[in-house]
Amino acid sequence: MRILIYSQHVAETQLKYIKELFKAIRDENIDIAVYLPYYEELKAQVPLSDDVILFETTEDFDKYKIDFVITLGGDGTILSAVTLIKDKQIPILGINMGRLGFLASIEKKFAAYAIQKLCRGMYTIEERIMLYLETEETIFGDEKFALNDFTLHKRDTSSMITIHTYINGDFLTSYWADGLIVATPTGSTGYSLSCGGPIIFPNSGNFVITPAAPHNLNVRPIVIS
């Protein structure tokens with residue numbers, strides 16, 4: 001088994017649990033890959049073996065045959081990891097080192113225990129649908145995948161924008177609003193919910209289109225499949 005450790009930063013309060021996690025991984029003879037920006041910050045504070053794989057890009061998933069991704073942080077860390085994983089369909093195990101842990105639901109004090117369960121096959125995989133963004137111009141670079149939502153938002157101006165919306169090539173409506181949110185079931189509890197959108201069951205396969213501060217009060221969120 002080979003695991004990628006992904007995080008965005010190292011906090012002093014996390015070090016005890018990070019060391020416990022790496023020890024548990026070594027005890028199970030698991031190959032370790034570490035996301036390079038995280039490794040650069042981590043190496044001065046946590047002893048790492050010389051055979052640690054340094055992981056940089058999405059292409060490295062095929063190169064190093066990663067079986068699982070472990071994220072250390074909160075839900076934001078998982079959302080960030082998704083932009084690296086893209087469509088590789090690698091399972092994510094989220095260990096909550098932060099405050100918000102709806103997706104990263106494993107408490108940090110149980111990190112080592114979670115590794116033991118993982119190695120013994122004592123887990124289930126919950127599939128989540130994602131969004132893929134296609135544009136005529138490559139204005140978003142490689143960050144075209146989203147687990148939560150895509151948002152089309154106005155620039156720093158007092159004016160609203162008009163957004164002409166189509167579904168499968170058929171015209172839906174034109175929104176006059178501050179922006180438009182297209183959210184997955186996972187993202188339905190985030191920004192979309194704050195703008196009045198409904199909560200969608202995670203495995204429903206639906207999406208929700210939610211206008212942000214629309215001018216027309218009759219324009220409401222729409223659930224599509």
# chains A, B, ... in the order shown; residues from 1 in each chain; ligands from 1
$ residues_around --residues "region 116-119 of chain A" --least-positions-apart "5" --cutoff "10 Å" --atoms "only C-alpha atoms" --output "ChimeraX atom specification"
/A:1,24-25,27-30,68,93,111,124
$ write_last_selection --atoms "C-alpha atoms" --output "tab-separated table (two decimals), in the first residue's frame"
chain	number	residue	atom	x	y	z
A	1	MET	CA	0.00	0.00	0.00
A	24	ALA	CA	1.62	4.33	12.74
A	25	ILE	CA	2.25	4.37	8.99
A	27	ASP	CA	4.67	0.40	11.85
A	28	GLU	CA	2.32	-0.89	9.15
A	29	ASN	CA	5.13	-0.86	6.53
A	30	ILE	CA	3.21	1.50	4.28
A	68	PHE	CA	-5.09	6.53	-0.66
A	93	LEU	CA	-9.20	9.91	4.34
A	111	ALA	CA	-5.32	9.20	13.41
A	124	THR	CA	-16.21	1.89	3.55
$ select_by_dssp --residues "region 147-208 of chain A" --states "strand (DSSP E or B)" --output "PyMOL selection string"
chain A and resi 149-153+161-167+170-177+179-183+207-208
$ select_by_dssp --residues "region 5-193 of chain A" --states "alpha helix (DSSP H)" --output "PyMOL selection string"
chain A and resi 15-27+36-42+60-64+75-85+111-119+191-193
$ residues_around --residues "Thr165 (chain A)" --least-positions-apart "3" --cutoff "12 Å" --atoms "only C-alpha atoms" --output "MDAnalysis selection string"
chainID A and resid 152 162 168:176 179:182 209:211 222
$ write_last_selection --atoms "N, CA and C atoms" --output "tab-separated table (two decimals), in the first residue's frame"
chain	number	residue	atom	x	y	z
A	152	LEU	N	-19.71	31.82	-10.30
A	152	LEU	CA	-19.47	32.92	-11.23
A	152	LEU	C	-19.90	34.18	-10.50
A	162	THR	N	-25.45	40.02	-15.45
A	162	THR	CA	-26.48	39.18	-16.06
A	162	THR	C	-25.83	37.88	-16.52
A	168	ASN	N	-27.76	21.59	-20.85
A	168	ASN	CA	-27.68	20.70	-22.02
A	168	ASN	C	-28.04	21.43	-23.31
A	169	GLY	N	-27.64	22.69	-23.40
A	169	GLY	CA	-27.88	23.46	-24.60
A	169	GLY	C	-29.22	24.16	-24.66
A	170	ASP	N	-30.11	23.87	-23.71
A	170	ASP	CA	-31.43	24.50	-23.68
A	170	ASP	C	-31.42	25.67	-22.71
A	171	PHE	N	-31.98	26.79	-23.15
A	171	PHE	CA	-32.00	27.99	-22.33
A	171	PHE	C	-32.86	27.79	-21.09
A	172	LEU	N	-32.32	28.12	-19.92
A	172	LEU	CA	-33.05	28.05	-18.66
A	172	LEU	C	-33.62	29.40	-18.28
A	173	THR	N	-32.74	30.35	-18.02
A	173	THR	CA	-33.15	31.70	-17.65
A	173	THR	C	-31.93	32.60	-17.63
A	174	SER	N	-32.17	33.88	-17.46
A	174	SER	CA	-31.09	34.85	-17.26
A	174	SER	C	-31.18	35.39	-15.85
A	175	TYR	N	-30.09	35.26	-15.12
A	175	TYR	CA	-30.05	35.74	-13.74
A	175	TYR	C	-29.43	37.13	-13.70
A	176	TRP	N	-30.09	38.04	-13.00
A	176	TRP	CA	-29.52	39.36	-12.71
A	176	TRP	C	-29.21	39.36	-11.23
A	179	GLY	N	-24.03	37.00	-8.48
A	179	GLY	CA	-23.30	35.85	-8.99
A	179	GLY	C	-24.20	34.64	-9.08
A	180	LEU	N	-23.63	33.52	-9.49
A	180	LEU	CA	-24.38	32.28	-9.64
A	180	LEU	C	-23.52	31.13	-9.13
A	181	ILE	N	-24.12	30.27	-8.32
A	181	ILE	CA	-23.43	29.13	-7.73
A	181	ILE	C	-23.97	27.84	-8.34
A	182	VAL	N	-23.09	26.99	-8.80
A	182	VAL	CA	-23.47	25.64	-9.23
A	182	VAL	C	-22.81	24.68	-8.24
A	209	ILE	N	-28.50	24.93	-8.74
A	209	ILE	CA	-28.10	26.23	-9.27
A	209	ILE	C	-28.71	27.29	-8.37
A	210	THR	N	-27.87	28.07	-7.71
A	210	THR	CA	-28.34	29.04	-6.74
A	210	THR	C	-27.84	30.43	-7.08
A	211	PRO	N	-28.73	31.39	-7.32
A	211	PRO	CA	-28.28	32.77	-7.55
A	211	PRO	C	-27.84	33.42	-6.25
A	222	ILE	N	-32.60	26.16	-8.11
A	222	ILE	CA	-33.17	25.07	-8.91
A	222	ILE	C	-32.29	23.83	-8.76
$ atom_distance --atom1 "CA of Gly187 (chain A)" --atom2 "CA of Arg155 (chain A)"
22.4 Å
$ residues_around --residues "Ser80 (chain A)" --least-positions-apart "3" --cutoff "12 Å" --atoms "only C-alpha atoms" --output "VMD selection string"
chain A and resid 6 to 8 35 71 to 77 83 to 86 92 94 143 to 148
$ residues_around --residues "Asp62 (chain A)" --least-positions-apart "6" --cutoff "12 Å" --atoms "only C-alpha atoms" --output "list in words"
Arg2, Phe55, Ile85, Asp87, Lys88, Gln89 and Ile90 of chain A
$ atom_distance --atom1 "CA of Thr189 (chain A)" --atom2 "CA of Leu131 (chain A)"
15.5 Å
$ atom_distance --atom1 "CA of Ile199 (chain A)" --atom2 "CA of Gly101 (chain A)"
17.3 Å
$ closest_residue --among "A:Ala177, A:Ile115, A:Ile125, A:Ala212" --to "His164 (chain A)" --atoms "only C-alpha atoms"
A:Ala177
$ closest_residue --among "A:Phe207, A:Tyr123, A:Phe102, A:Phe110" --to "Asp149 (chain A)" --atoms "only C-alpha atoms"
A:Phe207
$ residues_around --residues "Tyr64 (chain A)" --least-positions-apart "3" --cutoff "10 Å" --atoms "only C-alpha atoms" --output "number ranges by chain"
A: 2-4, 33, 53-55, 59-61, 67
$ write_last_selection --atoms "C-alpha atoms" --output "mmCIF file, in the first residue's frame"
data_model
loop_
_atom_site.group_PDB
_atom_site.id
_atom_site.type_symbol
_atom_site.label_atom_id
_atom_site.label_comp_id
_atom_site.auth_asym_id
_atom_site.auth_seq_id
_atom_site.Cartn_x
_atom_site.Cartn_y
_atom_site.Cartn_z
ATOM 1 C CA ARG A 2 1.154 3.523 -0.773
ATOM 2 C CA ILE A 3 -0.337 6.619 0.866
ATOM 3 C CA LEU A 4 0.000 10.286 -0.010
ATOM 4 C CA ALA A 33 4.514 9.982 -0.321
ATOM 5 C CA ILE A 53 8.427 9.976 -2.034
ATOM 6 C CA LEU A 54 8.105 13.661 -2.879
ATOM 7 C CA PHE A 55 4.829 14.251 -4.668
ATOM 8 C CA GLU A 59 0.609 13.006 -13.021
ATOM 9 C CA ASP A 60 2.455 11.589 -10.001
ATOM 10 C CA PHE A 61 -0.643 9.560 -9.074
ATOM 11 C CA ASP A 67 -3.773 3.969 -3.144
#
$ closest_residue --among "A:Asp178, A:Glu136, A:Glu41, A:Glu127" --to "Lys154 (chain A)" --atoms "only C-alpha atoms"
A:Asp178
$ residues_around --residues "Val10 (chain A)" --least-positions-apart "3" --cutoff "9 Å" --atoms "only C-alpha atoms" --output "list in words"
Ser7, Thr13, Gln14, Leu15, Tyr38, Glu41, Leu42 and Gln45 of chain A
$ write_last_selection --atoms "N, CA and C atoms" --output "PDB file, in the first residue's frame"
ATOM      1  N   SER A   7      -1.262  18.187   3.026  1.00  0.00           N
ATOM      2  CA  SER A   7      -1.717  19.257   3.906  1.00  0.00           C
ATOM      3  C   SER A   7      -1.199  20.576   3.367  1.00  0.00           C
ATOM      4  N   THR A  13       0.516  23.035  17.234  1.00  0.00           N
ATOM      5  CA  THR A  13      -0.400  22.180  17.993  1.00  0.00           C
ATOM      6  C   THR A  13      -0.654  20.835  17.311  1.00  0.00           C
ATOM      7  N   GLN A  14      -0.260  20.710  16.050  1.00  0.00           N
ATOM      8  CA  GLN A  14      -0.505  19.472  15.306  1.00  0.00           C
ATOM      9  C   GLN A  14       0.648  18.477  15.397  1.00  0.00           C
ATOM     10  N   LEU A  15       1.816  18.941  15.804  1.00  0.00           N
ATOM     11  CA  LEU A  15       3.028  18.127  15.695  1.00  0.00           C
ATOM     12  C   LEU A  15       2.920  16.789  16.417  1.00  0.00           C
ATOM     13  N   TYR A  38       4.222  20.723   1.421  1.00  0.00           N
ATOM     14  CA  TYR A  38       4.038  20.358   2.823  1.00  0.00           C
ATOM     15  C   TYR A  38       5.316  19.748   3.389  1.00  0.00           C
ATOM     16  N   GLU A  41       7.952  22.231   4.594  1.00  0.00           N
ATOM     17  CA  GLU A  41       7.672  22.828   5.897  1.00  0.00           C
ATOM     18  C   GLU A  41       7.786  21.811   7.025  1.00  0.00           C
ATOM     19  N   LEU A  42       7.497  20.566   6.708  1.00  0.00           N
ATOM     20  CA  LEU A  42       7.428  19.524   7.731  1.00  0.00           C
ATOM     21  C   LEU A  42       8.787  18.966   8.125  1.00  0.00           C
ATOM     22  N   GLN A  45      10.642  19.705  11.357  1.00  0.00           N
ATOM     23  CA  GLN A  45       9.950  19.519  12.630  1.00  0.00           C
ATOM     24  C   GLN A  45       9.590  18.070  12.934  1.00  0.00           C
TER      25      GLN A  45
END
$ closest_residue --among "A:Thr157, A:Tyr17, A:Ser49, A:Thr57" --to "Leu36 (chain A)" --atoms "only C-alpha atoms"
A:Thr57
